[in-house]
>>> print(open('data-v6.csv').read())   # CSV, C-alpha atoms
chain,number,residue,atom,x,y,z
A,1,MET,CA,-45.6,-38.4,-82.4
A,2,ASN,CA,-43.6,-37.6,-79.3
A,3,THR,CA,-44.8,-38.9,-76.0
A,4,LYS,CA,-44.7,-35.5,-74.3
A,5,GLN,CA,-47.9,-34.3,-72.7
A,6,ILE,CA,-50.2,-32.4,-75.0
A,7,ARG,CA,-50.4,-28.7,-74.3
A,8,LEU,CA,-53.7,-26.9,-74.5
A,9,SER,CA,-54.3,-23.4,-75.6
A,10,VAL,CA,-57.2,-21.1,-76.4
A,11,LEU,CA,-58.3,-19.1,-79.4
A,12,ASP,CA,-61.2,-16.8,-78.5
A,13,GLN,CA,-63.2,-14.7,-81.0
A,14,SER,CA,-65.3,-12.7,-78.4
A,15,PRO,CA,-68.5,-14.3,-79.7
A,16,VAL,CA,-71.6,-12.2,-79.2
A,17,ARG,CA,-74.2,-14.6,-77.8
A,18,LYS,CA,-77.9,-14.1,-78.4
A,19,GLY,CA,-79.3,-11.5,-76.1
A,20,VAL,CA,-75.9,-10.3,-75.1
A,21,THR,CA,-74.2,-7.0,-76.0
A,22,ALA,CA,-70.7,-6.7,-77.6
A,23,GLU,CA,-69.5,-5.1,-74.4
A,24,GLN,CA,-70.5,-8.2,-72.5
A,25,ALA,CA,-68.8,-10.4,-75.1
A,26,VAL,CA,-65.5,-8.6,-74.5
A,27,LYS,CA,-65.9,-9.0,-70.8
A,28,GLU,CA,-66.4,-12.7,-71.2
A,29,THR,CA,-63.2,-12.9,-73.2
A,30,ILE,CA,-61.4,-11.2,-70.3
A,31,GLU,CA,-63.0,-13.6,-67.8
A,32,LEU,CA,-62.1,-16.6,-69.9
A,33,ALA,CA,-58.5,-15.4,-70.2
A,34,LYS,CA,-58.2,-15.1,-66.4
A,35,TYR,CA,-59.9,-18.5,-65.9
A,36,THR,CA,-57.7,-20.5,-68.4
A,37,ASP,CA,-54.6,-18.8,-67.0
A,38,ARG,CA,-55.6,-20.3,-63.6
A,39,LEU,CA,-56.2,-23.7,-65.2
A,40,GLY,CA,-52.8,-23.8,-66.7
A,41,TYR,CA,-53.4,-23.3,-70.4
A,42,THR,CA,-50.3,-22.5,-72.5
A,43,ARG,CA,-51.5,-19.5,-74.5
A,44,PHE,CA,-54.5,-17.3,-75.0
A,45,TRP,CA,-55.0,-16.0,-78.6
A,46,ILE,CA,-57.6,-13.6,-79.8
A,47,SER,CA,-58.8,-13.1,-83.4
A,48,GLU,CA,-59.3,-10.2,-85.7
A,49,HIS,CA,-62.7,-10.0,-87.5
A,50,HIS,CA,-64.5,-7.1,-89.1
A,51,ASN,CA,-68.0,-6.2,-90.2
A,52,THR,CA,-69.7,-9.1,-88.4
A,53,GLY,CA,-72.0,-8.4,-85.5
A,54,SER,CA,-71.6,-12.0,-84.1
A,55,LEU,CA,-67.9,-11.6,-83.3
A,56,ALA,CA,-66.7,-8.6,-81.2
A,57,GLY,CA,-63.0,-9.2,-81.6
A,58,SER,CA,-61.7,-6.6,-84.1
A,59,THR,CA,-58.6,-5.2,-82.5
A,60,PRO,CA,-56.4,-7.9,-80.9
A,61,GLU,CA,-53.5,-5.5,-80.3
A,62,VAL,CA,-55.8,-3.3,-78.1
A,63,LEU,CA,-57.4,-6.1,-76.1
A,64,LEU,CA,-54.1,-7.9,-75.6
A,65,ALA,CA,-52.7,-5.0,-73.6
A,66,TYR,CA,-55.5,-5.4,-71.1
A,67,LEU,CA,-55.5,-9.2,-71.1
A,68,GLY,CA,-51.8,-9.1,-70.2
A,69,SER,CA,-52.5,-7.0,-67.2
A,70,GLN,CA,-55.2,-9.4,-66.0
A,71,THR,CA,-53.2,-12.6,-66.3
A,72,HIS,CA,-50.0,-14.0,-64.9
A,73,ASN,CA,-48.6,-17.1,-66.6
A,74,ILE,CA,-50.4,-17.7,-69.8
A,75,ARG,CA,-48.9,-16.4,-73.0
A,76,ILE,CA,-51.1,-13.8,-74.8
A,77,GLY,CA,-51.2,-13.3,-78.5
A,78,SER,CA,-53.1,-12.7,-81.7
A,79,GLY,CA,-54.7,-15.5,-83.6
A,80,GLY,CA,-54.2,-13.5,-85.6
A,81,VAL,CA,-53.4,-10.1,-86.9
A,82,MET,CA,-54.5,-10.0,-90.5
A,83,MET,CA,-51.5,-8.5,-92.1
A,84,PRO,CA,-53.1,-7.2,-95.3
A,85,ASN,CA,-55.2,-4.8,-93.2
A,86,HIS,CA,-52.2,-3.1,-91.6
A,87,SER,CA,-49.1,-1.1,-92.0
A,88,THR,CA,-46.2,-3.4,-91.2
A,89,LEU,CA,-44.5,-0.7,-89.1
A,90,LYS,CA,-47.6,-0.2,-87.0
A,91,VAL,CA,-47.8,-4.0,-86.3
A,92,ALA,CA,-44.2,-4.0,-85.3
A,93,GLU,CA,-44.7,-1.0,-82.9
A,94,ASN,CA,-47.9,-2.5,-81.5
A,95,PHE,CA,-46.2,-5.8,-80.6
A,96,ARG,CA,-43.0,-4.1,-79.4
A,97,MET,CA,-45.1,-2.2,-77.0
A,98,LEU,CA,-46.7,-5.4,-75.8
A,99,GLU,CA,-43.3,-6.9,-75.4
A,100,ALA,CA,-42.3,-3.8,-73.3
A,101,LEU,CA,-45.3,-4.5,-71.1
A,102,PHE,CA,-45.1,-8.3,-70.9
A,103,PRO,CA,-41.7,-9.4,-72.0
A,104,GLY,CA,-41.4,-13.0,-73.0
A,105,ARG,CA,-45.2,-13.6,-72.9
A,106,VAL,CA,-46.3,-12.3,-76.3
A,107,ASP,CA,-47.2,-14.2,-79.5
A,108,LEU,CA,-47.7,-12.5,-82.8
A,109,GLY,CA,-49.9,-14.8,-84.8
A,110,MET,CA,-50.4,-13.6,-88.4
A,111,GLY,CA,-52.7,-14.4,-91.2
A,112,ARG,CA,-52.8,-13.3,-94.9
A,113,ALA,CA,-56.6,-13.3,-95.2
A,114,PRO,CA,-58.4,-10.1,-94.3
A,115,GLY,CA,-60.7,-11.6,-91.8
A,116,THR,CA,-63.7,-10.0,-93.4
A,117,ASP,CA,-65.4,-9.4,-96.8
A,118,ARG,CA,-63.5,-7.9,-99.7
A,119,LEU,CA,-65.3,-4.5,-99.5
A,120,THR,CA,-64.5,-4.1,-95.8
A,121,ALA,CA,-60.9,-5.1,-96.4
A,122,SER,CA,-60.5,-2.5,-99.1
A,123,VAL,CA,-61.7,0.2,-96.7
A,124,LEU,CA,-59.5,-1.0,-93.9
A,125,ASN,CA,-56.5,-0.7,-96.2
A,126,PRO,CA,-57.2,1.1,-99.4
A,127,SER,CA,-53.7,0.2,-100.8
A,128,ASN,CA,-54.3,-3.5,-100.3
A,129,GLN,CA,-53.6,-5.4,-103.6
A,130,PHE,CA,-54.4,-8.8,-102.1
A,131,GLY,CA,-51.2,-10.2,-103.5
A,132,PRO,CA,-49.2,-13.1,-101.9
A,133,GLN,CA,-45.9,-11.3,-102.6
A,134,ASP,CA,-47.2,-8.3,-100.5
A,135,PHE,CA,-47.6,-10.7,-97.5
A,136,VAL,CA,-44.0,-12.1,-98.0
A,137,ASN,CA,-42.7,-8.5,-98.1
A,138,GLN,CA,-44.5,-7.7,-94.9
A,139,LEU,CA,-42.9,-10.7,-93.1
A,140,TYR,CA,-39.5,-9.7,-94.3
A,141,ASP,CA,-39.9,-6.1,-93.2
A,142,LEU,CA,-41.5,-7.1,-89.9
A,143,THR,CA,-38.5,-9.3,-89.0
A,144,ASN,CA,-36.2,-6.4,-89.8
A,145,TYR,CA,-38.2,-4.0,-87.7
A,146,PHE,CA,-38.0,-6.3,-84.7
A,147,HIS,CA,-34.2,-6.4,-85.1
A,148,ASP,CA,-33.6,-2.7,-85.9
A,149,ARG,CA,-32.3,-3.1,-89.3
A,150,GLY,CA,-33.2,-2.6,-93.0
A,151,GLU,CA,-31.7,-3.1,-96.4
A,152,PRO,CA,-29.4,-0.2,-97.3
A,153,GLY,CA,-31.1,2.3,-99.6
A,154,THR,CA,-34.6,1.3,-98.5
A,155,PRO,CA,-37.0,3.4,-96.2
A,156,GLN,CA,-36.7,0.6,-93.7
A,157,SER,CA,-33.0,1.3,-93.2
A,158,LYS,CA,-33.9,4.7,-91.8
A,159,ILE,CA,-36.9,3.7,-89.7
A,160,ARG,CA,-37.0,2.0,-86.3
A,161,ALA,CA,-40.0,0.5,-84.7
A,162,ILE,CA,-40.6,2.2,-81.3
A,163,PRO,CA,-40.2,1.3,-78.5
A,164,GLN,CA,-36.8,-0.4,-79.2
A,165,VAL,CA,-37.1,-3.3,-76.7
A,166,GLN,CA,-34.7,-6.2,-76.3
A,167,THR,CA,-37.2,-9.0,-76.7
A,168,VAL,CA,-39.1,-10.2,-79.8
A,169,PRO,CA,-42.6,-11.7,-79.8
A,170,HIS,CA,-42.8,-15.3,-80.9
A,171,MET,CA,-44.0,-15.1,-84.5
A,172,TRP,CA,-46.5,-17.6,-85.9
A,173,LEU,CA,-48.3,-17.9,-89.2
A,174,LEU,CA,-51.8,-19.1,-89.4
A,175,SER,CA,-52.8,-21.4,-92.3
A,176,SER,CA,-55.9,-23.1,-93.5
A,177,SER,CA,-54.5,-24.2,-96.9
A,178,GLY,CA,-50.9,-25.0,-96.3
A,179,GLU,CA,-49.3,-22.2,-98.3
A,180,SER,CA,-48.6,-20.0,-95.3
A,181,GLY,CA,-46.9,-23.1,-93.8
A,182,LEU,CA,-44.2,-22.8,-96.5
A,183,PHE,CA,-43.8,-19.1,-95.6
A,184,ALA,CA,-43.4,-20.1,-92.0
A,185,ALA,CA,-40.8,-22.7,-92.8
A,186,HIS,CA,-38.8,-20.2,-95.0
A,187,PHE,CA,-38.9,-17.4,-92.3
A,188,GLY,CA,-38.3,-19.7,-89.4
A,189,MET,CA,-41.6,-19.0,-87.7
A,190,GLY,CA,-44.2,-21.2,-85.9
A,191,LEU,CA,-47.2,-22.7,-87.8
A,192,SER,CA,-50.7,-23.1,-86.5
A,193,PHE,CA,-53.1,-24.9,-88.8
A,194,ALA,CA,-56.7,-23.8,-88.7
A,195,HIS,CA,-58.5,-27.2,-88.8
A,196,PHE,CA,-61.6,-25.3,-87.5
A,197,ILE,CA,-61.7,-23.6,-90.9
A,198,ASN,CA,-60.5,-26.4,-93.2
A,199,PRO,CA,-60.4,-30.0,-92.0
A,200,ILE,CA,-58.6,-31.3,-95.0
A,201,GLY,CA,-54.9,-31.4,-95.7
A,202,GLY,CA,-53.6,-30.1,-92.3
A,203,PRO,CA,-51.3,-33.0,-91.4
A,204,GLN,CA,-49.7,-32.9,-94.8
A,205,ALA,CA,-49.2,-29.1,-94.4
A,206,VAL,CA,-47.5,-29.5,-91.0
A,207,ALA,CA,-45.3,-32.3,-92.4
A,208,ALA,CA,-44.2,-30.1,-95.3
A,209,TYR,CA,-43.5,-27.2,-92.9
A,210,ARG,CA,-41.3,-29.4,-90.7
A,211,GLU,CA,-39.4,-30.8,-93.7
A,212,ARG,CA,-38.7,-27.4,-95.1
A,213,PHE,CA,-38.1,-25.4,-91.9
A,214,LYS,CA,-35.1,-23.2,-91.8
A,215,SER,CA,-33.8,-22.0,-88.4
A,216,SER,CA,-34.0,-18.3,-87.8
A,217,GLU,CA,-32.4,-16.0,-85.3
A,218,ASP,CA,-35.6,-16.1,-83.3
A,219,GLN,CA,-36.6,-19.8,-83.6
A,220,ALA,CA,-34.2,-22.7,-83.9
A,221,GLU,CA,-36.7,-25.6,-84.3
A,222,PRO,CA,-40.1,-25.9,-85.9
A,223,ALA,CA,-43.1,-25.3,-83.7
A,224,ALA,CA,-46.6,-26.4,-84.8
A,225,SER,CA,-50.1,-26.6,-83.4
A,226,VAL,CA,-53.6,-27.3,-84.6
A,227,ALA,CA,-56.7,-25.2,-83.8
A,228,ILE,CA,-60.2,-26.8,-83.8
A,229,PHE,CA,-63.7,-26.1,-82.6
A,230,VAL,CA,-64.1,-27.9,-79.3
A,231,PHE,CA,-67.0,-28.5,-76.9
A,232,CYS,CA,-66.7,-30.7,-73.8
A,233,SER,CA,-69.6,-31.5,-71.5
A,234,GLU,CA,-70.8,-34.2,-69.2
A,235,ASP,CA,-74.4,-33.6,-70.5
A,236,GLU,CA,-75.2,-35.5,-73.7
A,237,GLU,CA,-78.2,-33.3,-74.4
A,238,LYS,CA,-76.0,-30.1,-74.3
A,239,ILE,CA,-73.6,-31.8,-76.7
A,240,ARG,CA,-76.4,-32.6,-79.1
A,241,ARG,CA,-77.7,-29.1,-79.0
A,242,HIS,CA,-74.3,-27.6,-79.5
A,243,GLN,CA,-73.8,-29.7,-82.6
A,244,ALA,CA,-77.2,-28.6,-84.0
A,245,VAL,CA,-76.3,-24.9,-83.5
A,246,MET,CA,-72.8,-25.4,-85.1
A,247,ASP,CA,-74.4,-27.2,-88.1
A,248,PHE,CA,-76.7,-24.2,-88.7
A,249,ARG,CA,-73.9,-21.7,-88.3
A,250,PHE,CA,-71.7,-23.4,-90.9
A,251,ASN,CA,-74.7,-23.7,-93.3
A,252,GLN,CA,-75.6,-20.1,-93.0
A,253,PHE,CA,-72.1,-18.9,-93.5
A,254,GLU,CA,-71.5,-21.1,-96.6
A,255,GLN,CA,-74.6,-19.7,-98.2
A,256,GLY,CA,-73.4,-16.2,-97.7
A,257,LYS,CA,-76.1,-15.3,-95.2
A,258,GLY,CA,-73.6,-14.2,-92.6
A,259,ILE,CA,-73.5,-15.3,-88.9
A,260,VAL,CA,-75.9,-13.8,-86.4
A,261,PRO,CA,-76.3,-14.7,-82.7
A,262,ILE,CA,-78.6,-17.7,-82.5
A,263,ALA,CA,-79.8,-20.2,-79.8
A,264,TYR,CA,-80.8,-23.8,-80.1
A,265,ASP,CA,-84.5,-22.9,-80.0
A,266,ASP,CA,-84.0,-20.9,-83.3
A,267,VAL,CA,-82.7,-24.0,-85.2
A,268,LYS,CA,-84.2,-27.0,-83.5
A,269,ASP,CA,-86.9,-27.4,-86.2
A,270,VAL,CA,-84.8,-26.5,-89.2
A,271,THR,CA,-84.7,-29.1,-92.0
A,272,TYR,CA,-81.9,-29.4,-94.6
A,273,THR,CA,-81.7,-30.4,-98.2
A,274,ILE,CA,-79.6,-33.3,-99.3
A,275,ASN,CA,-76.8,-31.0,-100.4
A,276,GLU,CA,-76.9,-29.1,-97.1
A,277,GLN,CA,-76.8,-32.4,-95.2
A,278,GLU,CA,-73.7,-33.4,-97.1
A,279,ARG,CA,-72.0,-30.1,-96.3
A,280,ILE,CA,-73.0,-30.5,-92.6
A,281,MET,CA,-71.3,-33.9,-92.5
A,282,HIS,CA,-68.2,-32.3,-94.0
A,283,ASN,CA,-68.2,-29.4,-91.6
A,284,ARG,CA,-68.6,-31.7,-88.6
A,285,LYS,CA,-65.0,-32.6,-89.2
A,286,ARG,CA,-64.1,-29.1,-88.0
A,287,VAL,CA,-65.6,-29.7,-84.6
A,288,ILE,CA,-64.8,-32.2,-81.8
A,289,ALA,CA,-67.6,-32.4,-79.3
A,290,GLY,CA,-68.3,-34.9,-76.7
A,291,THR,CA,-67.9,-36.1,-73.1
A,292,PRO,CA,-64.5,-35.6,-71.3
A,293,VAL,CA,-63.4,-39.1,-72.0
A,294,GLN,CA,-64.4,-38.9,-75.6
A,295,LEU,CA,-62.6,-35.6,-76.0
A,296,LYS,CA,-59.4,-36.9,-74.5
A,297,GLU,CA,-59.4,-39.7,-77.0
A,298,LYS,CA,-60.4,-37.7,-80.0
A,299,LEU,CA,-58.0,-34.8,-79.3
A,300,THR,CA,-55.1,-37.1,-78.6
A,301,LYS,CA,-55.7,-38.8,-82.0
A,302,LEU,CA,-55.9,-35.4,-83.7
A,303,ALA,CA,-52.5,-34.5,-82.2
A,304,GLU,CA,-51.0,-37.7,-83.4
A,305,GLU,CA,-52.4,-37.2,-86.9
A,306,TYR,CA,-50.8,-33.7,-87.0
A,307,ASP,CA,-47.7,-34.8,-85.2
A,308,VAL,CA,-48.1,-31.8,-82.8
A,309,GLU,CA,-47.9,-31.4,-79.1
A,310,GLU,CA,-50.3,-28.4,-78.8
A,311,ILE,CA,-54.0,-28.1,-79.5
A,312,ILE,CA,-55.7,-24.8,-79.6
A,313,ALA,CA,-59.4,-25.0,-78.6
A,314,VAL,CA,-62.0,-22.7,-80.1
A,315,THR,CA,-65.2,-22.9,-78.1
A,316,ILE,CA,-68.4,-21.0,-78.8
A,317,THR,CA,-71.5,-21.9,-76.7
A,318,GLU,CA,-75.0,-20.6,-76.1
A,319,ASP,CA,-74.3,-20.2,-72.4
A,320,PHE,CA,-71.1,-18.7,-71.1
A,321,GLY,CA,-71.0,-21.0,-68.1
A,322,ASP,CA,-70.8,-24.0,-70.6
A,323,ARG,CA,-67.9,-22.3,-72.3
A,324,LEU,CA,-66.0,-22.1,-69.0
A,325,GLU,CA,-66.9,-25.6,-68.0
A,326,SER,CA,-65.7,-27.0,-71.4
A,327,TYR,CA,-62.3,-25.6,-70.8
A,328,ARG,CA,-62.2,-26.8,-67.2
A,329,LEU,CA,-63.1,-30.4,-68.2
A,330,LEU,CA,-60.5,-30.3,-70.9
A,331,ALA,CA,-57.8,-29.1,-68.5
A,332,GLU,CA,-58.8,-31.9,-66.1
A,333,GLN,CA,-58.6,-34.6,-68.7
A,334,PHE,CA,-55.2,-33.5,-69.9
A,335,GLY,CA,-53.8,-33.0,-66.4
A,336,LEU,CA,-52.9,-29.4,-66.7
A,337,GLU,CA,-51.2,-27.9,-63.6
A,338,LYS,CA,-53.2,-25.1,-62.1
A,339,ALA,CA,-51.3,-21.9,-61.7
A,340,ILE,CA,-53.2,-20.9,-58.6
A,341,SER,CA,-56.1,-22.4,-56.7
A,342,ASP,CA,-59.6,-21.7,-57.8
>>> encode(input="data-v6.csv", output="structure tokens")
Amino acid sequence: MNTKQIRLSVLDQSPVRKGVTAEQAVKETIELAKYTDRLGYTRFWISEHHNTGSLAGSTPEVLLAYLGSQTHNIRIGSGGVMMPNHSTLKVAENFRMLEALFPGRVDLGMGRAPGTDRLTASVLNPSNQFGPQDFVNQLYDLTNYFHDRGEPGTPQSKIRAIPQVQTVPHMWLLSSSGESGLFAAHFGMGLSFAHFINPIGGPQAVAAYRERFKSSEDQAEPAASVAIFVFCSEDEEKIRRHQAVMDFRFNQFEQGKGIVPIAYDDVKDVTYTINEQERIMHNRKRVIAGTPVQLKEKLTKLAEEYDVEEIIAVTITEDFGDRLESYRLLAEQFGLEKAISD
């Protein structure tokens, strides 16, 4: 592990809290982006989810255009665009437009999962075959679009992604299994491992990525990060309540019951079977919650295990003020330089 200071970034899913509208959830994402920009976070990523009422973030390419206009220093990006749902050309044009608006500040994080159920995915893109080779082809075509080229004799040789700008977004692949890490290494892209989805095998996936990385015209050296659910508070009772809510969310999702907005009072009296308790203990590895000092120690250890210098924090809380405070306490612990005064 290098001794450089750990960079902190944000992945936000526009969570719809209990009693709050989707419109308010989007406004909270905007406020959080402006706040973490002031705190000195490195990047602000937003996700793509469909057909779930508890997460309002469905169109990162649209929201990013507004977030860029409301922030100054923080990088903005997708975490990610779920490529099987989209035309590769349209993704290229969306992110070239973002580069035209905010040159040098844009990240294109991509995933090969649909970010939804199979039925919804088939409606989003009726031609989706859910094949791994399709994803590889998209990455190949995307790189060509960003560099205004195509293989002779193919449609891509006659098509240009508009607007034709001089800069290229920093491309990242998101992975929760490790396979996309191999694609990232092959194409010379960044890798962000989703520990908040799968807490097993991440360090090995990042190591394999670094070992196999091939320099590309857009990225000379490997770049890796780890994303994890984080909650930081000086209040031990809030930490306990947060963990109880997260336990319930994971349990509901794994049983196919979906995720609906809930509060601690909804789950405080829930009892779990032995099997459910075992899954809860497993899923707690996806979350790091604690006091500021505890978080500093645990997140530093996580970065060392992954051999990365950047941690992407995903924070969902019952109260929006607690979400802001969690990011503030983290910034304080890791000595981030504030871009402007509060």
>>> closest_residue(input="data-v6.csv", among="A:Glu310, A:Asp247, A:Asp141, A:Asp218", to="Pro169 of chain A", atoms="all atoms listed in the file")
A:Asp218
>>> residues_around(input="data-v6.csv", residues="Phe187 of chain A", least_positions_apart="4", cutoff="12 Å", atoms="all atoms listed in the file", output="PyMOL selection string")
chain A and resi 136-144+171-173+180-183+191+209+212-222
>>> atom_distance(input="data-v6.csv", atom1="atom CA of Gln294 of chain A", atom2="atom CA of Ser176 of chain A")
25.3 Å
>>> residues_around(input="data-v6.csv", residues="segment 279-283 of chain A", least_positions_apart="5", cutoff="10 Å", atoms="all atoms listed in the file", output="ChimeraX atom specification")
/A:196-200,244,246-251,254,272-274
>>> residues_around(input="data-v6.csv", residues="segment 62-68 of chain A", least_positions_apart="4", cutoff="12 Å", atoms="only C-alpha atoms", output="PyMOL selection string")
chain A and resi 12-14+26-37+43-48+56-58+72-81+91+94-108
>>> atom_distance(input="data-v6.csv", atom1="atom CA of Phe334 of chain A", atom2="atom CA of Glu211 of chain A")
28.7 Å
>>> residues_around(input="data-v6.csv", residues="segment 256-270 of chain A", least_positions_apart="6", cutoff="6 Å", atoms="all atoms listed in the file", output="list in words")
Arg17, Lys18, Ser54 and Val245 of chain A
>>> closest_residue(input="data-v6.csv", among="A:Lys298, A:Arg112, A:Ala224, A:Ser87", to="Gln133 of chain A", atoms="all atoms listed in the file")
A:Arg112
>>> atom_distance(input="data-v6.csv", atom1="atom CA of Glu318 of chain A", atom2="atom CA of Gly53 of chain A")
15.7 Å
